[in-house]
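Quick notes on the structure that follows.
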Amino acid sequence: MKFRSISLFALTSVLLAASLIWSSEQAAANDAEDYSVKVAGTPMTDVLVHKGKAYVPLKSLADAIGYEISYTMKEELDNFHQYDLKAANSPAVSIWGNDKWGYTIIRRATQDMSVNDIDIYKPAKLCPEESDHCKLDERKYEGPLFIKKTLYVPVRHMATALNLKLTMTQTQKGRSIHLSKR
């Protein structure tokens, strides 16, 4: 009898957890339906909404505005992923980081790292006093997200990094975001 009540409790707990996960995924999908994003006239089909902000796949964004992407994995204490976006007569942009430390978005002043580079987004860290042991402050994190083998980038940060004009309008279907070259 005791085994039966424990297994019934376990089954109920698993079903409740699955229901909560499914409902949060549905809520995120419903939020994404309220947003439409167009980049240089190209509609983005895969819009993600996280903490009330619109995200699009980096590859789709780069393709829409004519940027080439190169990828490098840098092995240090952790593996860091670096995405470099380049186009003629446009600012070069780098996105680097990982899920543990978060991702940084940088507008390059030159091809290589320089003191004149501009940090568009730098993740906040939690560091105990007099310690080098820091970790990502996930509550404040609003940078790129790596989901299902795709790097999603925040639309507003990328508009700033790529020097794009961002126009947002409210429609009957929700919010419409347009990115265009200046």
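A note on labels: chains of the structure tokens are A, B, ... as shown, every chain counts residues from 1, and ligands are counted from 1 in their shown order.
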- [ ] Tell me which protein, DNA and RNA residues are within 9 Å of Met44 in chain A, counting only C-alpha atoms, leaving out same-chain ones fewer than 3 positions away, and put them as a ChimeraX atom specification.
- [x] /A:36-39,47,56-57,60-61,64
**Message:** If we count only C-alpha atoms and set the cut-off at 7 Å, which residues sit around Gln82 in chain A, ignoring sequence neighbours fewer than 6 positions away in its own chain? Please answer as a PyMOL selection string.
**Reply:** chain A and resi 71-73+94-97
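Near range 172-181 of chain A, within 10 Å and counting only C-alpha atoms, sit A:Asp31, A:Ala32, A:Glu33, A:Asp34, A:Tyr35, A:Ser36, A:Val37, A:Lys38, A:Val39, A:Ala40, A:Gly41, A:Thr42, A:Pro43, A:Ala54, A:Leu61, A:Ala64, A:Ile65, A:Ser90, A:Val155, A:Arg156, A:Met158, A:Ala159, A:Leu162, A:Asn163, A:Leu164, A:Lys165, A:Leu166, A:Thr167, not including residues fewer than 5 positions from it in the same chain.
Distances to Met113 in chain A were evaluated for A:Asp46, A:Glu142, A:Asp84, A:Asp63 using only C-alpha atoms, and the minimum falls at A:Asp84.
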Among A:Leu151, A:Val93, A:Leu77, A:Leu85, Arg108 in chain A is approached most closely, using only C-alpha atoms, by A:Val93
Which residues are near Tyr121 in chain A? Cut-off 8 Å, only C-alpha atoms, ignore same chain within fewer than 4 positions. Put them as a PyMOL selection string.
chain A and resi 104-106+143+157
Using N, CA, C and O atoms, can you write the selected residues to a file as a PDB file, in the first residue's frame?
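Once written, result.pdb looks like this:
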ATOM      1  N   THR A 104      28.713  38.405 -25.187  1.00  0.00           N
ATOM      2  CA  THR A 104      29.000  39.828 -25.303  1.00  0.00           C
ATOM      3  C   THR A 104      28.849  40.226 -26.765  1.00  0.00           C
ATOM      4  O   THR A 104      29.239  39.473 -27.662  1.00  0.00           O
ATOM      5  N   ILE A 105      28.287  41.406 -27.024  1.00  0.00           N
ATOM      6  CA  ILE A 105      28.151  41.937 -28.387  1.00  0.00           C
ATOM      7  C   ILE A 105      29.049  43.158 -28.493  1.00  0.00           C
ATOM      8  O   ILE A 105      28.938  44.090 -27.694  1.00  0.00           O
ATOM      9  N   ILE A 106      29.953  43.153 -29.483  1.00  0.00           N
ATOM     10  CA  ILE A 106      30.947  44.221 -29.634  1.00  0.00           C
ATOM     11  C   ILE A 106      30.933  44.736 -31.069  1.00  0.00           C
ATOM     12  O   ILE A 106      30.948  43.961 -32.014  1.00  0.00           O
ATOM     13  N   GLY A 143      21.253  39.118 -23.059  1.00  0.00           N
ATOM     14  CA  GLY A 143      22.068  38.955 -24.256  1.00  0.00           C
ATOM     15  C   GLY A 143      21.607  37.794 -25.117  1.00  0.00           C
ATOM     16  O   GLY A 143      20.540  37.226 -24.906  1.00  0.00           O
ATOM     17  N   HIS A 157      19.630  45.272 -29.438  1.00  0.00           N
ATOM     18  CA  HIS A 157      21.093  45.329 -29.333  1.00  0.00           C
ATOM     19  C   HIS A 157      21.745  45.201 -30.707  1.00  0.00           C
ATOM     20  O   HIS A 157      22.730  45.884 -31.005  1.00  0.00           O
TER      21      HIS A 157
END
>> To test your reading of the structure, identify every residue in range 28-171 of chain A that backbone DSSP assigns to strand (DSSP E), and report it as a VMD selection string.
In response: chain A and resid 35 to 39 42 to 44 48 to 50 53 to 57 68 to 75 79 to 86 93 to 98 102 to 107 118 to 121 125 to 126 135 to 136 145 to 147 150 to 154 164 to 171
Write the selection just made, keeping C-alpha atoms, as a PDB file, in the first residue's frame?
ATOM      1  CA  TYR A  35       5.761  40.272 -32.470  1.00  0.00           C
ATOM      2  CA  SER A  36       6.650  40.460 -36.141  1.00  0.00           C
ATOM      3  CA  VAL A  37      10.147  41.427 -37.235  1.00  0.00           C
ATOM      4  CA  LYS A  38      11.233  42.575 -40.691  1.00  0.00           C
ATOM      5  CA  VAL A  39      14.870  43.172 -41.534  1.00  0.00           C
ATOM      6  CA  THR A  42      12.662  40.396 -45.163  1.00  0.00           C
ATOM      7  CA  PRO A  43      10.217  38.957 -42.617  1.00  0.00           C
ATOM      8  CA  MET A  44      11.845  36.897 -39.863  1.00  0.00           C
ATOM      9  CA  LEU A  48      11.605  34.379 -29.928  1.00  0.00           C
ATOM     10  CA  VAL A  49      10.382  36.548 -27.057  1.00  0.00           C
ATOM     11  CA  HIS A  50      12.406  36.385 -23.840  1.00  0.00           C
ATOM     12  CA  LYS A  53      12.273  41.377 -25.749  1.00  0.00           C
ATOM     13  CA  ALA A  54      12.302  40.123 -29.344  1.00  0.00           C
ATOM     14  CA  TYR A  55      15.124  37.823 -30.497  1.00  0.00           C
ATOM     15  CA  VAL A  56      15.855  36.483 -33.998  1.00  0.00           C
ATOM     16  CA  PRO A  57      18.350  33.889 -35.276  1.00  0.00           C
ATOM     17  CA  GLU A  68      28.886  37.256 -43.794  1.00  0.00           C
ATOM     18  CA  ILE A  69      29.306  35.211 -40.614  1.00  0.00           C
ATOM     19  CA  SER A  70      32.432  33.387 -39.542  1.00  0.00           C
ATOM     20  CA  TYR A  71      32.544  31.134 -36.505  1.00  0.00           C
ATOM     21  CA  THR A  72      35.463  30.166 -34.267  1.00  0.00           C
ATOM     22  CA  MET A  73      35.559  28.087 -31.098  1.00  0.00           C
ATOM     23  CA  LYS A  74      38.204  29.295 -28.682  1.00  0.00           C
ATOM     24  CA  GLU A  75      39.364  26.804 -26.088  1.00  0.00           C
ATOM     25  CA  ASN A  79      34.952  26.762 -24.684  1.00  0.00           C
ATOM     26  CA  PHE A  80      33.977  30.165 -26.053  1.00  0.00           C
ATOM     27  CA  HIS A  81      32.070  30.668 -29.288  1.00  0.00           C
ATOM     28  CA  GLN A  82      32.911  33.679 -31.440  1.00  0.00           C
ATOM     29  CA  TYR A  83      30.736  34.860 -34.312  1.00  0.00           C
ATOM     30  CA  ASP A  84      32.141  37.621 -36.520  1.00  0.00           C
ATOM     31  CA  LEU A  85      29.838  39.545 -38.858  1.00  0.00           C
ATOM     32  CA  LYS A  86      31.388  41.461 -41.731  1.00  0.00           C
ATOM     33  CA  VAL A  93      30.477  43.039 -35.138  1.00  0.00           C
ATOM     34  CA  SER A  94      31.597  40.187 -32.885  1.00  0.00           C
ATOM     35  CA  ILE A  95      29.482  38.094 -30.567  1.00  0.00           C
ATOM     36  CA  TRP A  96      31.383  35.832 -28.220  1.00  0.00           C
ATOM     37  CA  GLY A  97      30.737  33.832 -25.094  1.00  0.00           C
ATOM     38  CA  ASN A  98      28.964  30.672 -23.990  1.00  0.00           C
ATOM     39  CA  GLY A 102      26.778  34.730 -21.336  1.00  0.00           C
ATOM     40  CA  TYR A 103      27.466  36.411 -24.654  1.00  0.00           C
ATOM     41  CA  THR A 104      29.000  39.828 -25.303  1.00  0.00           C
ATOM     42  CA  ILE A 105      28.151  41.937 -28.387  1.00  0.00           C
ATOM     43  CA  ILE A 106      30.947  44.221 -29.634  1.00  0.00           C
ATOM     44  CA  ARG A 107      31.145  46.682 -32.538  1.00  0.00           C
ATOM     45  CA  ILE A 118      32.392  49.504 -28.420  1.00  0.00           C
ATOM     46  CA  ASP A 119      30.678  47.082 -26.047  1.00  0.00           C
ATOM     47  CA  ILE A 120      27.047  47.035 -27.125  1.00  0.00           C
ATOM     48  CA  TYR A 121      26.085  44.437 -24.549  1.00  0.00           C
ATOM     49  CA  LYS A 125      28.514  39.022 -13.363  1.00  0.00           C
ATOM     50  CA  LEU A 126      28.161  38.100  -9.717  1.00  0.00           C
ATOM     51  CA  LYS A 135      29.338  33.685 -12.435  1.00  0.00           C
ATOM     52  CA  LEU A 136      26.693  35.031 -14.794  1.00  0.00           C
ATOM     53  CA  LEU A 145      20.592  32.922 -26.268  1.00  0.00           C
ATOM     54  CA  PHE A 146      21.730  29.586 -27.683  1.00  0.00           C
ATOM     55  CA  ILE A 147      18.588  27.474 -28.137  1.00  0.00           C
ATOM     56  CA  THR A 150      20.663  28.302 -32.978  1.00  0.00           C
ATOM     57  CA  LEU A 151      22.076  31.569 -31.624  1.00  0.00           C
ATOM     58  CA  TYR A 152      19.222  34.035 -31.090  1.00  0.00           C
ATOM     59  CA  VAL A 153      20.224  37.678 -30.792  1.00  0.00           C
ATOM     60  CA  PRO A 154      18.254  40.550 -29.218  1.00  0.00           C
ATOM     61  CA  LEU A 164      20.469  49.920 -38.246  1.00  0.00           C
ATOM     62  CA  LYS A 165      17.375  52.078 -37.945  1.00  0.00           C
ATOM     63  CA  LEU A 166      14.788  50.446 -35.668  1.00  0.00           C
ATOM     64  CA  THR A 167      11.125  51.345 -36.058  1.00  0.00           C
ATOM     65  CA  MET A 168       8.466  49.812 -33.840  1.00  0.00           C
ATOM     66  CA  THR A 169       4.748  50.154 -34.454  1.00  0.00           C
ATOM     67  CA  GLN A 170       1.679  48.777 -32.721  1.00  0.00           C
ATOM     68  CA  THR A 171      -0.744  46.940 -35.023  1.00  0.00           C
TER      69      THR A 171
END
Q.
For the structure I just gave you, how does DSSP split chain A - specifically, which residues are alpha helix (DSSP H)? Reply as a PyMOL selection string.
A. chain A and resi 2-33+58-65+155-161
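One distance worth recording is that between CA of Pro144 in chain A and CA of Cys127 in chain A, which is 21.3 Å.
Computed from the coordinates, the CA of Lys59 in chain A to CA of Ala87 in chain A distance equals 13.8 Å.
A straight line drawn from CA of Thr160 in chain A to CA of Arg182 in chain A is 11.3 Å long.
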From the list A:Tyr141, A:Asp112, A:Gly66, A:Asp117, the nearest residue to Asp99 in chain A using only C-alpha atoms is A:Tyr141
